[in-house]
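Source file: model.tsv. Holds: TSV, N, CA and C atoms.
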chain	number	residue	atom	x	y	z
A	673	THR	N	-101.39	-28.56	6.65
A	673	THR	CA	-101.07	-28.66	5.25
A	673	THR	C	-100.94	-27.28	4.62
A	674	LEU	N	-101.79	-26.35	5.01
A	674	LEU	CA	-101.69	-24.99	4.48
A	674	LEU	C	-100.36	-24.35	4.86
A	675	TYR	N	-99.91	-24.61	6.07
A	675	TYR	CA	-98.61	-24.10	6.50
A	675	TYR	C	-97.49	-24.67	5.63
A	676	GLN	N	-97.56	-25.95	5.32
A	676	GLN	CA	-96.55	-26.59	4.48
A	676	GLN	C	-96.58	-26.01	3.06
A	677	ILE	N	-97.76	-25.79	2.52
A	677	ILE	CA	-97.89	-25.25	1.17
A	677	ILE	C	-97.26	-23.86	1.10
A	678	ILE	N	-97.57	-23.01	2.05
A	678	ILE	CA	-97.05	-21.65	2.05
A	678	ILE	C	-95.54	-21.64	2.27
A	679	THR	N	-95.07	-22.44	3.21
A	679	THR	CA	-93.64	-22.48	3.51
A	679	THR	C	-92.83	-23.00	2.31
A	680	ILE	N	-93.27	-24.05	1.69
A	680	ILE	CA	-92.55	-24.61	0.55
A	680	ILE	C	-92.63	-23.67	-0.65
A	681	ALA	N	-93.75	-23.02	-0.85
A	681	ALA	CA	-93.87	-22.06	-1.96
A	681	ALA	C	-92.92	-20.88	-1.75
A	682	LEU	N	-92.82	-20.40	-0.53
A	682	LEU	CA	-91.90	-19.29	-0.25
A	682	LEU	C	-90.45	-19.71	-0.44
A	683	PHE	N	-90.10	-20.91	0.01
A	683	PHE	CA	-88.74	-21.40	-0.14
A	683	PHE	C	-88.39	-21.63	-1.61
A	684	ALA	N	-89.34	-22.14	-2.38
A	684	ALA	CA	-89.11	-22.35	-3.81
A	684	ALA	C	-88.96	-21.02	-4.54
A	685	ALA	N	-89.79	-20.03	-4.19
A	685	ALA	CA	-89.67	-18.71	-4.82
A	685	ALA	C	-88.32	-18.09	-4.49
A	686	PHE	N	-87.87	-18.25	-3.25
A	686	PHE	CA	-86.55	-17.75	-2.88
A	686	PHE	C	-85.46	-18.43	-3.69
A	687	THR	N	-85.57	-19.74	-3.85
A	687	THR	CA	-84.57	-20.50	-4.61
A	687	THR	C	-84.51	-20.04	-6.06
A	688	ILE	N	-85.66	-19.87	-6.68
A	688	ILE	CA	-85.70	-19.44	-8.08
A	688	ILE	C	-85.16	-18.03	-8.23
A	689	LEU	N	-85.54	-17.14	-7.33
A	689	LEU	CA	-85.02	-15.78	-7.39
A	689	LEU	C	-83.51	-15.74	-7.16
A	690	PHE	N	-83.02	-16.63	-6.31
A	690	PHE	CA	-81.59	-16.69	-6.03
A	690	PHE	C	-80.81	-17.16	-7.25
A	691	ILE	N	-81.30	-18.22	-7.92
A	691	ILE	CA	-80.57	-18.69	-9.10
A	691	ILE	C	-80.66	-17.69	-10.26
A	692	GLU	N	-81.72	-16.86	-10.28
A	692	GLU	CA	-81.79	-15.78	-11.26
A	692	GLU	C	-80.79	-14.68	-10.92
A	693	LYS	N	-80.69	-14.35	-9.65
A	693	LYS	CA	-79.81	-13.26	-9.21
A	693	LYS	C	-78.35	-13.56	-9.48
A	694	ILE	N	-77.92	-14.81	-9.27
A	694	ILE	CA	-76.52	-15.13	-9.49
A	694	ILE	C	-76.23	-15.46	-10.96
A	695	GLY	N	-77.26	-15.49	-11.78
A	695	GLY	CA	-77.09	-15.71	-13.21
A	695	GLY	C	-77.04	-17.16	-13.63
A	696	LEU	N	-77.29	-18.07	-12.72
A	696	LEU	CA	-77.22	-19.49	-13.03
A	696	LEU	C	-78.34	-19.92	-13.99
A	697	ARG	N	-79.50	-19.32	-13.84
A	697	ARG	CA	-80.64	-19.70	-14.69
A	697	ARG	C	-80.36	-19.36	-16.15
A	698	ASP	N	-79.82	-18.18	-16.42
A	698	ASP	CA	-79.51	-17.79	-17.79
A	698	ASP	C	-78.39	-18.66	-18.38
A	699	LYS	N	-77.41	-18.99	-17.57
A	699	LYS	CA	-76.33	-19.85	-18.05
A	699	LYS	C	-76.84	-21.23	-18.43
A	700	ILE	N	-77.76	-21.77	-17.62
A	700	ILE	CA	-78.32	-23.08	-17.93
A	700	ILE	C	-79.16	-23.02	-19.20
A	701	ILE	N	-79.93	-21.95	-19.37
A	701	ILE	CA	-80.75	-21.80	-20.58
A	701	ILE	C	-79.87	-21.71	-21.82
A	702	GLU	N	-78.78	-20.95	-21.74
A	702	GLU	CA	-77.91	-20.75	-22.90
A	702	GLU	C	-77.05	-21.97	-23.21
A	703	LYS	N	-76.49	-22.62	-22.20
A	703	LYS	CA	-75.49	-23.64	-22.42
A	703	LYS	C	-76.00	-25.07	-22.28
A	704	SER	N	-77.29	-25.24	-22.12
A	704	SER	CA	-77.85	-26.58	-21.97
A	704	SER	C	-77.75	-27.35	-23.28
A	705	PHE	N	-77.28	-28.58	-23.20
A	705	PHE	CA	-77.17	-29.39	-24.41
A	705	PHE	C	-78.46	-30.14	-24.71
A	706	LEU	N	-79.40	-30.13	-23.78
A	706	LEU	CA	-80.72	-30.72	-24.02
A	706	LEU	C	-81.76	-29.60	-24.12
A	707	ALA	N	-82.57	-29.64	-25.15
A	707	ALA	CA	-83.59	-28.61	-25.34
A	707	ALA	C	-84.63	-28.65	-24.23
A	708	VAL	N	-84.88	-29.82	-23.67
A	708	VAL	CA	-85.88	-29.96	-22.61
A	708	VAL	C	-85.45	-29.17	-21.36
A	709	ILE	N	-84.19	-29.25	-21.01
A	709	ILE	CA	-83.70	-28.53	-19.83
A	709	ILE	C	-83.75	-27.02	-20.08
A	710	SER	N	-83.40	-26.60	-21.27
A	710	SER	CA	-83.46	-25.19	-21.61
A	710	SER	C	-84.89	-24.65	-21.52
A	711	LYS	N	-85.85	-25.42	-22.04
A	711	LYS	CA	-87.26	-25.01	-21.96
A	711	LYS	C	-87.75	-25.02	-20.52
A	712	LEU	N	-87.32	-25.99	-19.74
A	712	LEU	CA	-87.73	-26.10	-18.34
A	712	LEU	C	-87.30	-24.88	-17.55
A	713	PHE	N	-86.07	-24.43	-17.74
A	713	PHE	CA	-85.57	-23.29	-16.99
A	713	PHE	C	-86.10	-21.96	-17.51
A	714	SER	N	-86.62	-21.92	-18.74
A	714	SER	CA	-87.16	-20.67	-19.25
A	714	SER	C	-88.63	-20.48	-18.87
A	715	CYS	N	-89.30	-21.53	-18.43
A	715	CYS	CA	-90.72	-21.46	-18.05
A	715	CYS	C	-90.84	-21.36	-16.53
A	716	ASP	N	-91.42	-20.25	-16.04
A	716	ASP	CA	-91.55	-20.06	-14.59
A	716	ASP	C	-92.43	-21.13	-13.95
A	717	PHE	N	-93.52	-21.48	-14.61
A	717	PHE	CA	-94.44	-22.46	-14.03
A	717	PHE	C	-93.78	-23.84	-13.92
A	718	CYS	N	-93.10	-24.25	-14.99
A	718	CYS	CA	-92.43	-25.56	-14.98
A	718	CYS	C	-91.33	-25.61	-13.93
A	719	LEU	N	-90.52	-24.56	-13.89
A	719	LEU	CA	-89.43	-24.52	-12.93
A	719	LEU	C	-89.98	-24.49	-11.50
A	720	SER	N	-91.08	-23.77	-11.29
A	720	SER	CA	-91.70	-23.74	-9.97
A	720	SER	C	-92.15	-25.13	-9.53
A	721	PHE	N	-92.77	-25.86	-10.45
A	721	PHE	CA	-93.23	-27.20	-10.11
A	721	PHE	C	-92.06	-28.11	-9.75
A	722	TRP	N	-91.02	-28.12	-10.56
A	722	TRP	CA	-89.91	-29.03	-10.33
A	722	TRP	C	-89.11	-28.67	-9.08
A	723	ILE	N	-88.97	-27.38	-8.80
A	723	ILE	CA	-88.30	-26.97	-7.56
A	723	ILE	C	-89.14	-27.37	-6.36
A	724	ASN	N	-90.45	-27.14	-6.42
A	724	ASN	CA	-91.34	-27.55	-5.34
A	724	ASN	C	-91.30	-29.06	-5.13
A	725	LEU	N	-91.30	-29.81	-6.21
A	725	LEU	CA	-91.26	-31.27	-6.11
A	725	LEU	C	-89.94	-31.74	-5.50
A	726	ALA	N	-88.84	-31.14	-5.90
A	726	ALA	CA	-87.54	-31.53	-5.34
A	726	ALA	C	-87.48	-31.25	-3.85
A	727	ILE	N	-87.98	-30.09	-3.44
A	727	ILE	CA	-87.99	-29.75	-2.01
A	727	ILE	C	-88.85	-30.74	-1.24
A	728	CYS	N	-90.02	-31.05	-1.77
A	728	CYS	CA	-90.94	-31.96	-1.07
A	728	CYS	C	-90.41	-33.39	-1.02
A	729	VAL	N	-89.74	-33.84	-2.05
A	729	VAL	CA	-89.17	-35.19	-2.03
A	729	VAL	C	-88.08	-35.28	-0.97
A	730	VAL	N	-87.23	-34.27	-0.90
A	730	VAL	CA	-86.18	-34.26	0.13
A	730	VAL	C	-86.79	-34.24	1.52
A	731	LEU	N	-87.79	-33.39	1.72
A	731	LEU	CA	-88.44	-33.33	3.04
A	731	LEU	C	-89.18	-34.62	3.36
A	732	ALA	N	-89.80	-35.25	2.36
A	732	ALA	CA	-90.50	-36.51	2.60
A	732	ALA	C	-89.53	-37.62	2.98
A	733	LEU	N	-88.35	-37.62	2.37
A	733	LEU	CA	-87.35	-38.61	2.72
A	733	LEU	C	-86.79	-38.38	4.13
A	734	ILE	N	-86.62	-37.13	4.50
A	734	ILE	CA	-86.10	-36.81	5.83
A	734	ILE	C	-87.11	-37.12	6.92
A	735	THR	N	-88.37	-36.73	6.69
A	735	THR	CA	-89.38	-36.87	7.74
A	735	THR	C	-90.22	-38.14	7.64
A	736	SER	N	-90.09	-38.88	6.56
A	736	SER	CA	-90.91	-40.09	6.31
A	736	SER	C	-92.41	-39.77	6.26
A	737	ASN	N	-92.73	-38.58	5.80
A	737	ASN	CA	-94.11	-38.13	5.69
A	737	ASN	C	-94.47	-38.07	4.21
A	738	LEU	N	-95.17	-39.08	3.72
A	738	LEU	CA	-95.50	-39.14	2.30
A	738	LEU	C	-96.60	-38.16	1.89
A	739	GLN	N	-97.27	-37.56	2.86
A	739	GLN	CA	-98.29	-36.56	2.54
A	739	GLN	C	-97.66	-35.31	1.92
A	740	LEU	N	-96.36	-35.12	2.11
A	740	LEU	CA	-95.68	-33.97	1.52
A	740	LEU	C	-95.61	-34.05	0.00
A	741	LEU	N	-95.81	-35.23	-0.57
A	741	LEU	CA	-95.72	-35.37	-2.01
A	741	LEU	C	-96.94	-34.79	-2.74
A	742	VAL	N	-97.95	-34.40	-2.01
A	742	VAL	CA	-99.13	-33.75	-2.60
A	742	VAL	C	-98.94	-32.24	-2.64
A	743	VAL	N	-98.09	-31.73	-1.79
A	743	VAL	CA	-97.91	-30.29	-1.63
A	743	VAL	C	-97.44	-29.59	-2.91
A	744	PRO	N	-96.54	-30.14	-3.73
A	744	PRO	CA	-96.09	-29.39	-4.93
A	744	PRO	C	-97.22	-29.02	-5.88
A	745	PHE	N	-98.26	-29.83	-5.96
A	745	PHE	CA	-99.36	-29.53	-6.85
A	745	PHE	C	-100.15	-28.30	-6.38
A	746	MET	N	-100.14	-28.06	-5.08
A	746	MET	CA	-100.87	-26.92	-4.54
A	746	MET	C	-99.98	-25.69	-4.35
A	747	SER	N	-98.68	-25.89	-4.20
A	747	SER	CA	-97.79	-24.75	-3.95
A	747	SER	C	-97.22	-24.15	-5.23
A	748	THR	N	-97.31	-24.86	-6.35
A	748	THR	CA	-96.78	-24.33	-7.60
A	748	THR	C	-97.47	-23.05	-8.06
A	749	PRO	N	-98.81	-22.98	-8.07
A	749	PRO	CA	-99.44	-21.71	-8.47
A	749	PRO	C	-99.08	-20.55	-7.55
A	750	LEU	N	-98.93	-20.84	-6.26
A	750	LEU	CA	-98.54	-19.78	-5.33
A	750	LEU	C	-97.12	-19.32	-5.61
A	751	THR	N	-96.22	-20.24	-5.89
A	751	THR	CA	-94.85	-19.88	-6.23
A	751	THR	C	-94.82	-19.06	-7.50
A	752	ARG	N	-95.58	-19.46	-8.48
A	752	ARG	CA	-95.64	-18.72	-9.76
A	752	ARG	C	-96.16	-17.31	-9.54
A	753	TYR	N	-97.14	-17.17	-8.66
A	753	TYR	CA	-97.69	-15.84	-8.36
A	753	TYR	C	-96.64	-14.97	-7.64
A	754	LEU	N	-95.85	-15.58	-6.77
A	754	LEU	CA	-94.83	-14.83	-6.04
A	754	LEU	C	-93.70	-14.35	-6.94
A	755	LEU	N	-93.46	-15.08	-8.01
A	755	LEU	CA	-92.39	-14.66	-8.92
A	755	LEU	C	-92.82	-13.48	-9.75
Render the structure in this file as structure tokens.
Amino acid sequence: TLYQIITIALFAAFTILFIEKIGLRDKIIEKSFLAVISKLFSCDFCLSFWINLAICVVLALITSNLQLLVVPFMSTPLTRYLL
């Protein structure tokens, strides 16, 4: 489980840094028609949680391992620290 937490946190941090680098995050914050989405993308902690959750849901569907759905709660603080 520790391996999964670290791996998913690193992948989520890479994803967030990548969308910042290409400017997609700023475009979503500026041009979002819903205030909730704009706030979500401007908050590192919120975005870290949702990216971690999305990664874990996809992996849980692929591997049929429902224990992966607990990982986002533990990997979000690590992802936030890495950012």
For this session: Do a neighbour search on Cys728 of chain A at 6.5 Å with all atoms listed in the file, toss out local chain neighbours closer than 4 positions, and write the hits as number ranges by chain.
Result: A: 723-724, 732-733, 740-741, 744
Is it possible to get the axis-aligned box enclosing segment 687-703 of chain A (all listed atoms, 8 Å extra per side) as lines of an AutoDock Vina configuration file, with centre and edge lengths in Å rounded to one decimal?
center_x = -80.6
center_y = -19.2
center_z = -13.5
size_x = 26.2
size_y = 27.8
size_z = 35.4
Problem set entry | Atomic distance atom N of Ala726 of chain A - atom N of Ile677 of chain A, expressed in Å with one decimal | 13.4 Å
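With atom CA of Phe705 of chain A on one side and atom CA of Ser747 of chain A on the other, the separation reads 29.4 Å.
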For this session: Point out the residue among A:Ile734, A:Ile680, A:Leu689, A:Ile694 with the least atom-to-atom distance to Thr748 of chain A, counting only N, CA and C atoms.
Result: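 Of the candidates, the smallest distance to Thr748 of chain A is held by A:Ile680.
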Seminar exercise, completed: Restricting to only C-alpha atoms, whichever of A:Leu719, A:Leu750, A:Ile700, A:Ala707 is closest to Thr687 of chain A is A:Leu719
Problem set entry | Separation of atom CA of Trp722 of chain A from atom C of Ala684 of chain A, in Å and rounded to one decimal |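 Spanning atom CA of Trp722 of chain A to atom C of Ala684 of chain A is a straight-line distance of 9.9 Å.
For the residues A:Asn737, A:Pro749, A:Val743, A:Ser710, ranking by smallest atom-to-atom distance to Leu725 of chain A using only N, CA and C atoms places A:Val743 first.
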